[in-house]
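Enquirer: Shown below is the structure under consideration.
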Amino acid sequence: MKQVMSSRRAVVSGASIAGLSAAYWLARTGWDVTVIERAPAFRDGGQNVDVRGVARDVLTRMDLFDAVKAQNTTETGTVLVDASGAVRAELPSEGPDGPTAELEVLRGDLARTILDHLPGGVVFRYGEQIEDVDDGADDVTVTTSSGGSLRADLLVVAEGVRSATRDRIFGDAVERRELGITMVFGTIPRTASDDDRWRWYTTVGGRQIHLRPDNHGTTRAILSYARGEDLTGLDRADALTRLRERYADAGWEAERVLDGFAESDDVYLDRLTQIRMSTWHRGRVVLAGDAGWCVTPMGGGGASLALTSGYVLAAYLAVEPGDLPSALTRYQEWMRPLVDDVQKLPPGIEHFAYPQTRLGLAARELFDTVLTSKLLAPLTAKLTQVADTDRSLPDLPA
Ligand SMILES: Cc1cc2nc3c(=O)[nH]c(=O)nc-3n(C[C@H](O)[C@H](O)[C@H](O)COP(=O)(O)OP(=O)(O)OC[C@H]3O[C@@H](n4cnc5c(N)ncnc54)[C@H](O)[C@@H]3O)c2cc1C
């Protein structure tokens with residue numbers, strides 16, 4: 001590989017999928033990389049994410065496709081169930097990008113795999129966060145919560161949807177679109193009634209319950225609801241109490257999931273918010289992953305876009321080593337259509353996906369029957385395609 005940028009330094013803030021992908025590719029293309037992570041240690045947690053579309057090529061270029069595939073959650077398909085658990089419809093799962101993707105993996109397993117394969121020399125500073133950024137013409141200086149400072153040529157902000165550094169630097173340019181949906185993810189004990197499919201239950205009051213197998217001998221559960229109270233500001237005990245009230249008459253496996261969450265140390269709660277921004281870079285600062293464009297599980301593909309962004313960013317920086325603004329613009333132009341594609345949700349989708357009334361639920365069930373018919377299989381397949389493009393990834397200089 002051509003000797004470019006060997007003296008360039010990057011600070012990456014956030015050590016999840018986007019930050020680790022950026023660290024991986026920047027280090028591979030000759031940058032000195034320091035990763036700052038707010039958590040005191042590497043974060044292993046999280047539920048299902050999937051790697052689809054062009055992100056599969058990124059994994060292949062990392063030589064990690066097989067390593068990630070080997071950690072598949074073991075899920076073989078997706079079914080919609082009624083209150084008794086009987087299957088009322090089955091979503092087609094052929095090909096790599098069905099509702100259950102070929103690369104269906106736990107977030108922590110994906111992140112850990114990248115972490116374990118980082119090129120040598122990447123420095124991690126856990127338990128720290130950025131407190132100030134001085135973005136100058138020649139460099140960017142980052143002051144961290146430990147009181148130290150780091151001088152770099154580039155700051156990659158990959159802090160997820162609620163990124164504080166993004167808000168500090170981009171301020172009013174950050175548009176938040178609240179989808180009015182709360183999702184609570186958690187790991188619960190596996191029981192004999194769990195099988196190898198994603199079981200998906202919808203009931204009145206805008207409530208859903210999901211149970212999915214994993215490769216760790218446990219079951220991954222999600223409770224999600226629309227138009228209800230925002231639990232994100234509450235402490236864990238209060239949030240679980242409110243959740244129990246909301247799901248009191250939901251039926252199916254609600255009680256088991258709530259009991260499981262009460263005992264789980266891996267409960268992750270999110271109020272779905274899209275992040276929309278007209279630009280993802282300013283001076284020497286660039287956004288990657290959810291920090292720049294959170295698409296939420298409603299759009300799907302957040303992990304695929306995060307993974308892809310690290311590669312595309314490093315590739316354009318390698319292609320244009322002497323022109324940072326141009327490289328960042330080209331990064332943005334390449335990523336933009338993929339993001340726009342998943343942020344465009346059909347109008348009223350949340351009302352339809354989360355029916356409040358018996359009538360709404362009946363309409364939804366009718367729709368599910370039509371949607372899952374063999375006749376509409378090609379259309380259904382399109383619904384789960386993300387990070388899908390005819391463009392090939394930019395190549396690294398030979
Ligand atoms: C622990 C965890 C569990 C998750 N579980 C799920 C799940 O079950 N289902 C799902 O759909 N999505 C989940 N996600 C979100 C999912 O990983 C992302 O939507 C997607 O993969 C894009 O990743 P990202 O790297 O852009 O952002 P994230 O995965 O959100 O990662 C952001 C990282 O930045 C760190 N960070 C945040 N603020 C700062 C700061 N100020 N300074 C330094 N570091 C900071 C965070 O600790 C985190 O490690 C989870 C994320 C995390 C961190």
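Convention: chains lettered A, B, ... in structure tokens order; per-chain residue numbering from 1; ligands numbered from 1 as shown.
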Could you give me, as a tab-separated table, every chain A residue with an atom at most 7 Å from ligand 1, plus its closest atom pair and distance in Å to one decimal, counting only C-alpha atoms and all ligand atoms, rows ordered by chain then number?
Expert:
```
residue	atom	partner	partner_atom_place_in_ligand_line	distance
A:Ser13	CA	ligand 1	43 (C)	4.9
A:Gly14	CA	ligand 1	34 (O)	3.4
A:Ala15	CA	ligand 1	49 (O)	4.6
A:Ser16	CA	ligand 1	25 (O)	4.1
A:Ile17	CA	ligand 1	25 (O)	3.9
A:Ala18	CA	ligand 1	25 (O)	3.8
A:Gly19	CA	ligand 1	25 (O)	5.6
A:Ile36	CA	ligand 1	43 (C)	5.5
A:Glu37	CA	ligand 1	44 (N)	3.9
A:Arg38	CA	ligand 1	43 (C)	3.9
A:Ala39	CA	ligand 1	47 (O)	5.2
A:Arg43	CA	ligand 1	1 (C)	5.4
A:Asp44	CA	ligand 1	1 (C)	6.4
A:Gly45	CA	ligand 1	1 (C)	4.6
A:Gly46	CA	ligand 1	5 (N)	3.3
A:Gln47	CA	ligand 1	8 (O)	3.5
A:Asn48	CA	ligand 1	9 (N)	5.7
A:Val49	CA	ligand 1	11 (O)	5.9
A:Arg107	CA	ligand 1	17 (O)	5.8
A:Glu128	CA	ligand 1	43 (C)	6.5
A:Gln129	CA	ligand 1	42 (N)	4.0
A:Ile130	CA	ligand 1	42 (N)	5.8
A:Ala158	CA	ligand 1	26 (O)	5.5
A:Glu159	CA	ligand 1	34 (O)	3.4
A:Gly160	CA	ligand 1	27 (O)	3.6
A:Val161	CA	ligand 1	30 (O)	6.0
A:Arg162	CA	ligand 1	38 (N)	6.8
A:Ser163	CA	ligand 1	38 (N)	5.1
A:Ala164	CA	ligand 1	41 (N)	5.1
A:Thr165	CA	ligand 1	41 (N)	6.0
A:Phe185	CA	ligand 1	8 (O)	5.4
A:Tyr268	CA	ligand 1	5 (N)	5.9
A:Ala288	CA	ligand 1	26 (O)	6.3
A:Gly289	CA	ligand 1	26 (O)	3.4
A:Asp290	CA	ligand 1	26 (O)	3.8
A:Ala291	CA	ligand 1	26 (O)	5.8
A:Cys294	CA	ligand 1	19 (O)	6.8
A:Thr296	CA	ligand 1	19 (O)	6.5
A:Pro297	CA	ligand 1	11 (O)	5.4
A:Gly302	CA	ligand 1	20 (C)	4.5
A:Ala303	CA	ligand 1	21 (O)	3.6
A:Ala306	CA	ligand 1	22 (C)	5.1
```
Enquirer: Dump as CSV the rows for residues of segment 113-140 of chain A within 12 Å of segment 50-69 of chain A: closest atom pair and distance in Å with one decimal, only C-alpha atoms counted, ordered by chain and rising residue number.
Expert:
```
residue,atom,partner,partner_atom,distance
A:Thr113,CA,A:Val68,CA,7.1
A:Ile114,CA,A:Leu64,CA,7.9
A:Leu115,CA,A:Leu64,CA,11.3
A:Asp116,CA,A:Leu64,CA,10.6
A:His117,CA,A:Leu64,CA,8.4
A:Leu118,CA,A:Met62,CA,9.5
A:Pro119,CA,A:Met62,CA,10.5
```
Enquirer: Do you know which residues are at most 6 Å from Glu104 of chain A counting only C-alpha atoms, after dropping those on the same chain fewer than 3 positions away, and could you put them as JSON, numbers by chain?
Expert: {"A": [50, 72, 73, 101]}
Enquirer: Where does segment 16-95 of chain A meet segment 197-214 of chain A within 8 Å, residue by residue, with the nearest atom pair and distance in Å to one decimal for each, counting only C-alpha atoms, listed by chain and rising number, as a tab-separated table?
Expert:
```
residue	atom	partner	partner_atom	distance
A:Asn72	CA	A:Asp214	CA	7.9
A:Thr73	CA	A:Asp214	CA	4.3
A:Thr74	CA	A:Asp214	CA	6.1
A:Glu75	CA	A:Arg197	CA	5.3
A:Thr76	CA	A:Arg197	CA	5.5
A:Gly77	CA	A:Arg197	CA	5.0
A:Thr78	CA	A:Trp198	CA	4.6
A:Val79	CA	A:Arg199	CA	5.2
A:Leu80	CA	A:Trp200	CA	4.8
A:Val81	CA	A:Tyr201	CA	5.3
A:Asp82	CA	A:Tyr201	CA	6.2
A:Ala83	CA	A:Tyr201	CA	7.3
```
Enquirer: Only N, CA and C atoms, please: the residues just picked out, written as a PDB file, in the first residue's frame.
Expert:
```pdb
ATOM      1  N   ASN A  72     -23.549 -16.128  14.415  1.00  0.00           N
ATOM      2  CA  ASN A  72     -24.966 -15.972  14.116  1.00  0.00           C
ATOM      3  C   ASN A  72     -25.821 -16.326  15.330  1.00  0.00           C
ATOM      4  N   THR A  73     -26.905 -15.589  15.522  1.00  0.00           N
ATOM      5  CA  THR A  73     -27.732 -15.821  16.720  1.00  0.00           C
ATOM      6  C   THR A  73     -28.476 -17.156  16.688  1.00  0.00           C
ATOM      7  N   THR A  74     -28.381 -17.892  15.599  1.00  0.00           N
ATOM      8  CA  THR A  74     -29.042 -19.194  15.372  1.00  0.00           C
ATOM      9  C   THR A  74     -30.504 -19.052  14.951  1.00  0.00           C
ATOM     10  N   GLU A  75     -30.945 -17.821  14.767  1.00  0.00           N
ATOM     11  CA  GLU A  75     -32.341 -17.600  14.350  1.00  0.00           C
ATOM     12  C   GLU A  75     -32.512 -18.048  12.895  1.00  0.00           C
ATOM     13  N   THR A  76     -33.596 -18.778  12.628  1.00  0.00           N
ATOM     14  CA  THR A  76     -33.786 -19.295  11.271  1.00  0.00           C
ATOM     15  C   THR A  76     -34.919 -18.611  10.515  1.00  0.00           C
ATOM     16  N   GLY A  77     -35.747 -17.827  11.174  1.00  0.00           N
ATOM     17  CA  GLY A  77     -36.863 -17.195  10.465  1.00  0.00           C
ATOM     18  C   GLY A  77     -37.666 -16.317  11.402  1.00  0.00           C
ATOM     19  N   THR A  78     -38.730 -15.732  10.848  1.00  0.00           N
ATOM     20  CA  THR A  78     -39.543 -14.774  11.604  1.00  0.00           C
ATOM     21  C   THR A  78     -41.014 -15.134  11.472  1.00  0.00           C
ATOM     22  N   VAL A  79     -41.709 -15.256  12.604  1.00  0.00           N
ATOM     23  CA  VAL A  79     -43.147 -15.555  12.548  1.00  0.00           C
ATOM     24  C   VAL A  79     -43.925 -14.555  13.401  1.00  0.00           C
ATOM     25  N   LEU A  80     -45.166 -14.316  12.966  1.00  0.00           N
ATOM     26  CA  LEU A  80     -46.070 -13.446  13.717  1.00  0.00           C
ATOM     27  C   LEU A  80     -47.005 -14.365  14.490  1.00  0.00           C
ATOM     28  N   VAL A  81     -47.128 -14.135  15.785  1.00  0.00           N
ATOM     29  CA  VAL A  81     -47.917 -15.065  16.613  1.00  0.00           C
ATOM     30  C   VAL A  81     -49.113 -14.352  17.233  1.00  0.00           C
ATOM     31  N   ASP A  82     -50.112 -15.176  17.648  1.00  0.00           N
ATOM     32  CA  ASP A  82     -51.265 -14.613  18.348  1.00  0.00           C
ATOM     33  C   ASP A  82     -51.087 -14.794  19.857  1.00  0.00           C
ATOM     34  N   ALA A  83     -52.115 -14.424  20.613  1.00  0.00           N
ATOM     35  CA  ALA A  83     -51.970 -14.405  22.075  1.00  0.00           C
ATOM     36  C   ALA A  83     -51.700 -15.788  22.661  1.00  0.00           C
TER      37      ALA A  83
END
```
Enquirer: Go through A:Leu155, A:Pro337, A:Ala192, A:Ala70 and flag the residue nearest Val33 of chain A, using only C-alpha atoms for the distances.
Expert: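 Counting only C-alpha atoms, the residue closest to Val33 of chain A is A:Leu155.
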Enquirer: With only C-alpha atoms as the counted atoms, please give the residues lying no more than 10 Å from Ala327 of chain A, apart from itself and same-chain residues fewer than 5 positions off, as a list in words.
Expert: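 Listed by chain and then number, they are Val312, Leu313, Ala314, Ala315, Tyr316, Leu317, Ala318, Val319, Glu320, Pro321, Gly322, Gln332 and Glu333 of chain A.
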Enquirer: How would the residues just picked look written out with N, CA and C atoms as an mmCIF file, in the first residue's frame?
Expert:
```
data_model
loop_
_atom_site.group_PDB
_atom_site.id
_atom_site.type_symbol
_atom_site.label_atom_id
_atom_site.label_comp_id
_atom_site.auth_asym_id
_atom_site.auth_seq_id
_atom_site.Cartn_x
_atom_site.Cartn_y
_atom_site.Cartn_z
ATOM 1 N N VAL A 312 -15.859 3.853 4.498
ATOM 2 C CA VAL A 312 -15.973 4.884 3.454
ATOM 3 C C VAL A 312 -15.171 6.133 3.866
ATOM 4 N N LEU A 313 -15.259 6.484 5.134
ATOM 5 C CA LEU A 313 -14.510 7.641 5.631
ATOM 6 C C LEU A 313 -13.008 7.445 5.409
ATOM 7 N N ALA A 314 -12.494 6.311 5.879
ATOM 8 C CA ALA A 314 -11.046 6.069 5.764
ATOM 9 C C ALA A 314 -10.621 5.970 4.299
ATOM 10 N N ALA A 315 -11.491 5.396 3.465
ATOM 11 C CA ALA A 315 -11.135 5.235 2.049
ATOM 12 C C ALA A 315 -10.968 6.602 1.389
ATOM 13 N N TYR A 316 -11.916 7.528 1.587
ATOM 14 C CA TYR A 316 -11.782 8.843 0.945
ATOM 15 C C TYR A 316 -10.622 9.639 1.530
ATOM 16 N N LEU A 317 -10.349 9.457 2.827
ATOM 17 C CA LEU A 317 -9.196 10.139 3.416
ATOM 18 C C LEU A 317 -7.897 9.592 2.827
ATOM 19 N N ALA A 318 -7.912 8.325 2.455
ATOM 20 C CA ALA A 318 -6.721 7.732 1.835
ATOM 21 C C ALA A 318 -6.604 8.141 0.369
ATOM 22 N N VAL A 319 -7.752 8.296 -0.281
ATOM 23 C CA VAL A 319 -7.744 8.680 -1.692
ATOM 24 C C VAL A 319 -7.299 10.146 -1.827
ATOM 25 N N GLU A 320 -7.710 10.976 -0.848
ATOM 26 C CA GLU A 320 -7.374 12.405 -0.910
ATOM 27 C C GLU A 320 -6.589 12.816 0.330
ATOM 28 N N PRO A 321 -5.372 12.330 0.499
ATOM 29 C CA PRO A 321 -4.645 12.581 1.752
ATOM 30 C C PRO A 321 -4.357 14.055 2.003
ATOM 31 N N GLY A 322 -4.312 14.857 0.931
ATOM 32 C CA GLY A 322 -3.940 16.264 1.122
ATOM 33 C C GLY A 322 -5.124 17.205 1.169
ATOM 34 N N GLN A 332 -19.465 12.091 2.818
ATOM 35 C CA GLN A 332 -20.872 12.430 3.046
ATOM 36 C C GLN A 332 -21.728 12.100 1.820
ATOM 37 N N GLU A 333 -21.212 12.445 0.649
ATOM 38 C CA GLU A 333 -21.990 12.185 -0.582
ATOM 39 C C GLU A 333 -22.216 10.686 -0.788
#
```
Enquirer: Give me every strand (DSSP E) residue in segment 116-263 of chain A, going by DSSP on the backbone, as a PyMOL selection string.
Expert: chain A and resi 123-126+130-135+140-144+149-152+154-157+175-189+197-203+207-213+218-226
Enquirer: Let me make sure I understand: among A:Leu328, A:Ala239, A:Val295, A:Val140, which one has the smallest atom-to-atom distance to His281 of chain A if we use only C-alpha atoms?
Expert: A:Leu328
Enquirer: Residues within 8 Å of Leu305 of chain A, please, as a list in words. Count only C-alpha atoms; anything in the same chain fewer than 4 positions from it doesn't count.
Expert: Ala55, Gly289, Gly301, Ser309, Leu338, Val339 and Ala387 of chain A
